[in-house]
Every structure is written in structure tokens, then in C-alpha cells.
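Structure first, commentary second.
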There are 2 protein chains.
Amino acid sequence: MDYRILLVDDEADILEFMSYNLTHAGYTVYTAANGHDGVAKALEVKPHLILLDVMMPQMDGMEACAEIRRHKELSTTIIAFLTARGEDFSQIAGFEAGADDYITKTIRTNVLMSRIKALLKRHGEPASATVEASLTIDHERHIVLKDGRSIALPRKEFALLALLVSKPQRVFTREEIYDSVWGNDVFVGDRTIDVHIRKLREKIGNDQIITVKGIGYKYEP
Amino acid sequence: MDYRILLVDDEADILEFMSYNLTHAGYTVYTAANGHDGVAKALEVKPHLILLDVMMPQMDGMEACAEIRRHKELSTTIIAFLTARGEDFSQIAGFEAGADDYITKTIRTNVLMSRIKALLKRHGEPASATVEASLTIDHERHIVLKDGRSIALPRKEFALLALLVSKPQRVFTREEIYDSVWGNDVFVGDRTIDVHIRKLREKIGNDQIITVKGIGYKYEP
DNA sequence: ATTTATTGTTAATAAATTGTTAAGAGTTCA
DNA sequence: TGAACTCTTAACAATTTATTAACAATAAAT
């Protein structure tokens, strides 16, 4: 699976070291040298996982984390802190800021890799999801693959479907859908989602997108 | 059975006294001198039982308890407060924070031991502790799982069942149900809950939701 | 044993939510 | 420019869910 990981650390060595390892493990890696750039980059590439150094100039990890958590379109992004060995994370109170986990920097490579793998797996798995699903979302080509056939979708429909498929079975509320597909500042009518859902059903098959009345929609392979 | 018990208390004497007794009773004992360390230790060793002093520097028992309860991987852990003699625990409102019981510190040794034994027993063998109710509420999927089967429920029914199942055996008064499922400003007729209960019984089996006449309803696995 | 308060049941009705269609505004691209 | 596509909306239909009324059944109290 094509996971996107964003590394945020001010130490070039660490950035390089981890970037190297993660890239070789098959992840798409983005980097930023401080909190500000990190937030900006996160909004741009919408990574699956963000590894945040706790101590940084400009905007430290904690602030960056809180800032990222303020953006609803990044609600499914996993955030993990990078800490120096021995730091007691619970005292750093990073969970308060919305982090999901923390990883010790000087950990051995294979341990690091399996930790990251586990992290990505734990929080719903786009990886196996797309494998299991009869539907594959190809972000790079902006195309949906169904039974070998490729289906081109307009932007909104694609974004909506991608969201639903990203976590099969999980119900996405209408609000979550608005925030993710439209953004929290745009206001569109109540029927807009319905119409897009209808079009998707037309194109990918009627029985895969399920209505949960009063809540939202979910995708079931 | 090889039970792990975590003692959290700032008084070294008590720590030593209890640790000694518990160890000799065959338990594996871990200790921590304050709330912070206690939480960290709990996450590390995943004890079956945590004995928490109510009064402590840094992070008191109440806070620590609430913090521990936030970690899902410790959901099966039993938490008991240690109180000075004479303190009325119900007034300490520790149950609010998620505690399971309380134990008076200055109790005699053999009484203490049998209390702890009972505590561990009451909450089932650690092995079977993971065996949950015959019903699982899957909030993410907005689905109820029963014997492997998934049952979809409408909004109100789902909320009502989720409330009851959240604390099996506990009786929820009609008022509590109204407040939780409808909200304290909405007023609906007297039969409304009944009808929802009826529908739930229809769907999940007649004998799991029990009427406590004059009070309310409860769920029994 | 009878009364009383409470809960169960049913079906009808109201309310809420979603589905559908077609039309129009805005875009894109040849 | 204009043809094709995308997005949004209004208006209405269809469906699902929630609530109520009326009455039956039951448990608790006298």
C-alpha cells in the first residue's frame, strides 16, 4: 500500500536516517524541518502518519500536534511523537495534545519499522482495505479500479469515495464528509452529498455504499 | 494464577508493608510513588489490579485513575483506591473516576489479603476477563454484534442499547435514559421508551433487557 | 383478592431523513 | 465560442424512524 508518512524534525541527521529507512520500506516520505512547515505540509499531502519531534524551534511538536488536530480534514491522520530515549512520554502530556503514540528516536531500525507498521495497521488499514475491497483507490492516477476496470471519477466524487473506502465499514457522519470533502469553511446544501452518493452508486454498484440513517454513510466491500 | 498487582502510594512504609504481604501471598508486585509513575508503570506491566492511594503529590489517585481508564489496553484492569480509615469512599466519588472498589489502608493483614483475593476473583480470571458480553456495540460501524451476526439499529434504538450495555447489570432509570438518549430538553411521552425497548427485545433477544419495575431497565448478558 | 401503578403491545400517525430528477451556473478544453 | 462535464440546488417523492394513543397485561400494594 502506498502510505504517505510525514517526518517533522529539525535535526537533519535524523530526518535523513529515518527518511532513508522509511523510503526503502516502501513508504512515500515527506519531510519538514519545523512545526510550521510540518503543518503546512500535512495539509498539502494529507499523510497517513505524521512523526513529530517533540523539541523543535519555531513551533514545537506539541503545538504542531494541536494545530494539526484542529484541522478536521486530517482527523484520520495518525500522529506519533518522536522522543529522546528515556523521556517519559506521559509526563510530556502529548496525548493531551491529540497524539496517538510515541516512538523513541534511538530505537533500532527494525524495531522502528515494525512500530510504524503496527501504528499504521492499528488505525484502520488502507493497506489491506484496498486489497480486500473490490474497489481500489489509485490516488496517483486519480482513478478507481473495480474488477480490473478503471473508472474515472470527478473530483468530489473521487474524494468522497476515497474517504469512505479508506475505512471500510466505518460510518462517516455527514459532518465528517463535509469537512473532508469540502472543507470546514464551505457550506453546501443538504442534498449535495446525497446526489454525489447517488452518482457513485450509479458508477460503482448500488450495494456497496450503505446509508446509516441519521448518521451518515459507510462503505462495505 | 500469576497475578500482577501495582501499588501506588507515596508513603514508603505502606508501600513496603503491603508489598511484603502481597509478595508473600504469591502475587507479583510492582510499585510506584506517585500518580505519574503509576500510570507509566501500569502501561508497562499491565497489572491485573491497581491499588491507588487517594492522596498523593503530583497527580492524585483520582486523576491517575481517570488517566488509566483512558487507556483501552487497561480496560480489564481492576482499580481499587486505598483510603485512610474512616474515610467514606462514596463521598470521595472515586467511582466517578472509574474505580472498582476501595480498601482501607490500616486494615489487618489477613482481612486485606482476602479483600484483594475477592477483588481479583470478582472480576473473573484474567483469561476470561476478555470474554465480553454476548453483545458488542460497535460505535464506529454503528452496528451491534451478536454471536458473530451484525445487527443494524436505528439511531435511538442504538443509543438506548449502547447505554444499557455500557454498564451491564446496572439499572438505568427512565430519567437517565431520557437524558442520555433524548437530551434533557426534549420531552416525549411515557410509552416512548417502552416501545424502543420492545423493538430492541425483538431484535436482540427477549431475555437480555430486564425491566426493573418502578425504576428502569438493565442489560444482563 | 382487589386495586393501583406501571409496563407491554399494537397499529396508526407524525416527523425526520434520504432518494431522485431535472435544471442551471460555473468550468474546462478543444 | 461552444460542447461536454462538474457541481449545486430546488422541488418533490419515497422511505425509514420516532412518537403517540388506546388498550391489554402484569406486578406490587393494600
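So you can find residues: chains in the C-alpha cells are A, B, ... in the order shown, residues in each start at 1, and ligands are numbered from 1 in order.
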*If you count only C-alpha atoms (C1' of nucleotides), which residues fall within 12 Å of Ser75 of chain A, apart from same-chain ones fewer than 5 positions away, as a PyMOL selection string?*
chain A and resi 42-43+46-50+65-70+98-100+123+163+172+175-177+179-180
Expected answer as a compact mmCIF listing (two decimals) with C-alpha atoms, in the first residue's frame: chain A residues within 9 Å of chain D, only C-alpha atoms (C1' of nucleotides):
# COMPACT_ATOMS: atom_id res chain seq x y z
CA PRO A 154 -14.86 13.74 -10.91
CA ARG A 155 -13.01 15.38 -8.05
CA LYS A 156 -15.72 15.48 -5.42
CA VAL A 188 -23.35 23.39 0.67
CA GLY A 189 -26.89 22.19 0.86
CA ARG A 191 -28.86 17.23 -0.77
CA THR A 192 -25.41 17.74 -2.20
CA LYS A 213 -29.95 6.91 8.58
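Atom C1' of DT7 of chain C is positioned 8.5 Å from atom CA of Thr211 of chain B.
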With only C-alpha atoms (C1' of nucleotides) considered, list every residue of chain B at most 12 Å from chain C, as a compact mmCIF listing (two decimals) with N, CA and C atoms, in the first residue's frame.
# COMPACT_ATOMS: atom_id res chain seq x y z
N PRO B 154 -31.62 1.50 14.24
CA PRO B 154 -31.87 2.94 14.06
C PRO B 154 -31.26 3.73 15.20
N ARG B 155 -31.18 5.02 15.02
CA ARG B 155 -30.44 5.88 15.92
C ARG B 155 -30.81 5.73 17.40
N ASP B 190 -44.68 8.87 27.77
CA ASP B 190 -44.27 7.82 28.69
C ASP B 190 -44.01 6.48 28.01
N ARG B 191 -44.69 6.24 26.93
CA ARG B 191 -44.55 4.91 26.28
C ARG B 191 -43.39 4.85 25.30
N THR B 192 -42.77 5.98 25.07
CA THR B 192 -41.76 6.01 24.03
C THR B 192 -40.60 5.06 24.32
N ILE B 193 -40.11 5.12 25.54
CA ILE B 193 -39.02 4.22 25.89
C ILE B 193 -39.47 2.76 25.76
N ASP B 194 -40.64 2.49 26.27
CA ASP B 194 -41.16 1.12 26.22
C ASP B 194 -41.13 0.56 24.81
N VAL B 195 -41.59 1.39 23.89
CA VAL B 195 -41.67 0.91 22.51
C VAL B 195 -40.27 0.62 21.98
N HIS B 196 -39.33 1.47 22.33
CA HIS B 196 -37.96 1.22 21.87
C HIS B 196 -37.40 -0.05 22.51
N ILE B 197 -37.68 -0.20 23.78
CA ILE B 197 -37.24 -1.41 24.47
C ILE B 197 -37.82 -2.65 23.78
N ARG B 198 -39.09 -2.53 23.46
CA ARG B 198 -39.75 -3.65 22.80
C ARG B 198 -39.05 -4.02 21.49
N LYS B 199 -38.75 -3.01 20.73
CA LYS B 199 -38.10 -3.26 19.44
C LYS B 199 -36.72 -3.89 19.63
N ARG B 201 -35.82 -5.75 22.17
CA ARG B 201 -36.03 -7.13 22.58
C ARG B 201 -36.34 -8.00 21.38
N ILE B 210 -33.75 -6.33 30.97
CA ILE B 210 -34.61 -6.67 32.09
C ILE B 210 -35.30 -5.45 32.66
N THR B 211 -36.58 -5.58 32.88
CA THR B 211 -37.36 -4.49 33.47
C THR B 211 -37.22 -4.51 34.98
N VAL B 212 -36.92 -3.35 35.53
CA VAL B 212 -36.93 -3.22 36.98
C VAL B 212 -38.07 -2.28 37.28
N LYS B 213 -39.17 -2.84 37.61
CA LYS B 213 -40.40 -2.06 37.73
C LYS B 213 -40.25 -0.91 38.72
N GLY B 214 -40.75 0.22 38.31
CA GLY B 214 -40.68 1.38 39.17
C GLY B 214 -39.36 2.12 39.06
N ILE B 215 -38.37 1.48 38.47
CA ILE B 215 -37.05 2.10 38.37
C ILE B 215 -36.68 2.33 36.91
N GLY B 216 -36.43 1.27 36.22
CA GLY B 216 -35.99 1.43 34.84
C GLY B 216 -35.66 0.10 34.20
N TYR B 217 -34.54 0.09 33.45
CA TYR B 217 -34.15 -1.14 32.76
C TYR B 217 -32.67 -1.40 32.97
*Any idea which chain A residues end up within 6 Å of chain B if we count only C-alpha atoms, as a PyMOL selection string please?*
chain A and resi 169-171
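The space separating atom CA of Ala64 of chain A from atom CA of Leu164 of chain A comes to 26.9 Å.
Here the strand (DSSP E) residues in segment 10-84 of chain B, by DSSP on the backbone, are Thr28, Val29, Tyr30, Thr31, Ala32, Leu49, Ile50, Leu51, Leu52, Asp53, Ile78, Ile79, Ala80, Phe81, Leu82 and Thr83 of chain B.
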Next, dump the selected residues to file, keeping only N, CA and C atoms, as a short mmCIF file (atom, residue, chain, number, x, y, z; two decimals), in the first residue's frame.
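Generated output (result_9.cif):
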data_model
loop_
_atom_site.label_atom_id
_atom_site.label_comp_id
_atom_site.auth_asym_id
_atom_site.auth_seq_id
_atom_site.Cartn_x
_atom_site.Cartn_y
_atom_site.Cartn_z
N THR B 28 2.77 -11.02 42.06
CA THR B 28 3.89 -10.25 41.55
C THR B 28 3.57 -8.78 41.77
N VAL B 29 4.41 -8.11 42.52
CA VAL B 29 4.09 -6.75 42.92
C VAL B 29 4.99 -5.71 42.26
N TYR B 30 4.38 -4.66 41.75
CA TYR B 30 5.11 -3.52 41.22
C TYR B 30 4.71 -2.31 42.06
N THR B 31 5.59 -1.35 42.14
CA THR B 31 5.26 -0.18 42.95
C THR B 31 5.57 1.11 42.20
N ALA B 32 4.90 2.16 42.63
CA ALA B 32 5.17 3.50 42.11
C ALA B 32 4.86 4.48 43.23
N LEU B 49 -4.47 -5.81 38.84
CA LEU B 49 -5.09 -4.98 39.86
C LEU B 49 -4.18 -3.80 40.19
N ILE B 50 -4.77 -2.64 40.33
CA ILE B 50 -4.01 -1.47 40.75
C ILE B 50 -4.59 -0.97 42.07
N LEU B 51 -3.73 -0.82 43.06
CA LEU B 51 -4.15 -0.25 44.33
C LEU B 51 -3.61 1.17 44.37
N LEU B 52 -4.52 2.12 44.40
CA LEU B 52 -4.15 3.52 44.25
C LEU B 52 -4.42 4.31 45.52
N ASP B 53 -3.41 4.96 46.01
CA ASP B 53 -3.64 5.86 47.13
C ASP B 53 -4.44 7.07 46.64
N ILE B 78 -8.39 -3.94 37.15
CA ILE B 78 -9.22 -3.52 38.27
C ILE B 78 -8.50 -2.41 39.00
N ILE B 79 -9.22 -1.38 39.36
CA ILE B 79 -8.61 -0.29 40.12
C ILE B 79 -9.32 -0.19 41.47
N ALA B 80 -8.54 -0.20 42.52
CA ALA B 80 -9.11 -0.02 43.85
C ALA B 80 -8.37 1.11 44.55
N PHE B 81 -9.11 1.93 45.26
CA PHE B 81 -8.48 3.02 45.99
C PHE B 81 -8.07 2.58 47.38
N LEU B 82 -6.98 3.12 47.82
CA LEU B 82 -6.55 2.93 49.19
C LEU B 82 -6.94 4.18 49.96
N THR B 83 -7.67 4.01 51.01
CA THR B 83 -8.10 5.18 51.78
C THR B 83 -7.68 5.03 53.23
#
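Separating atom CA of Tyr219 of chain B from atom CA of Pro168 of chain B is a distance of 5.1 Å.
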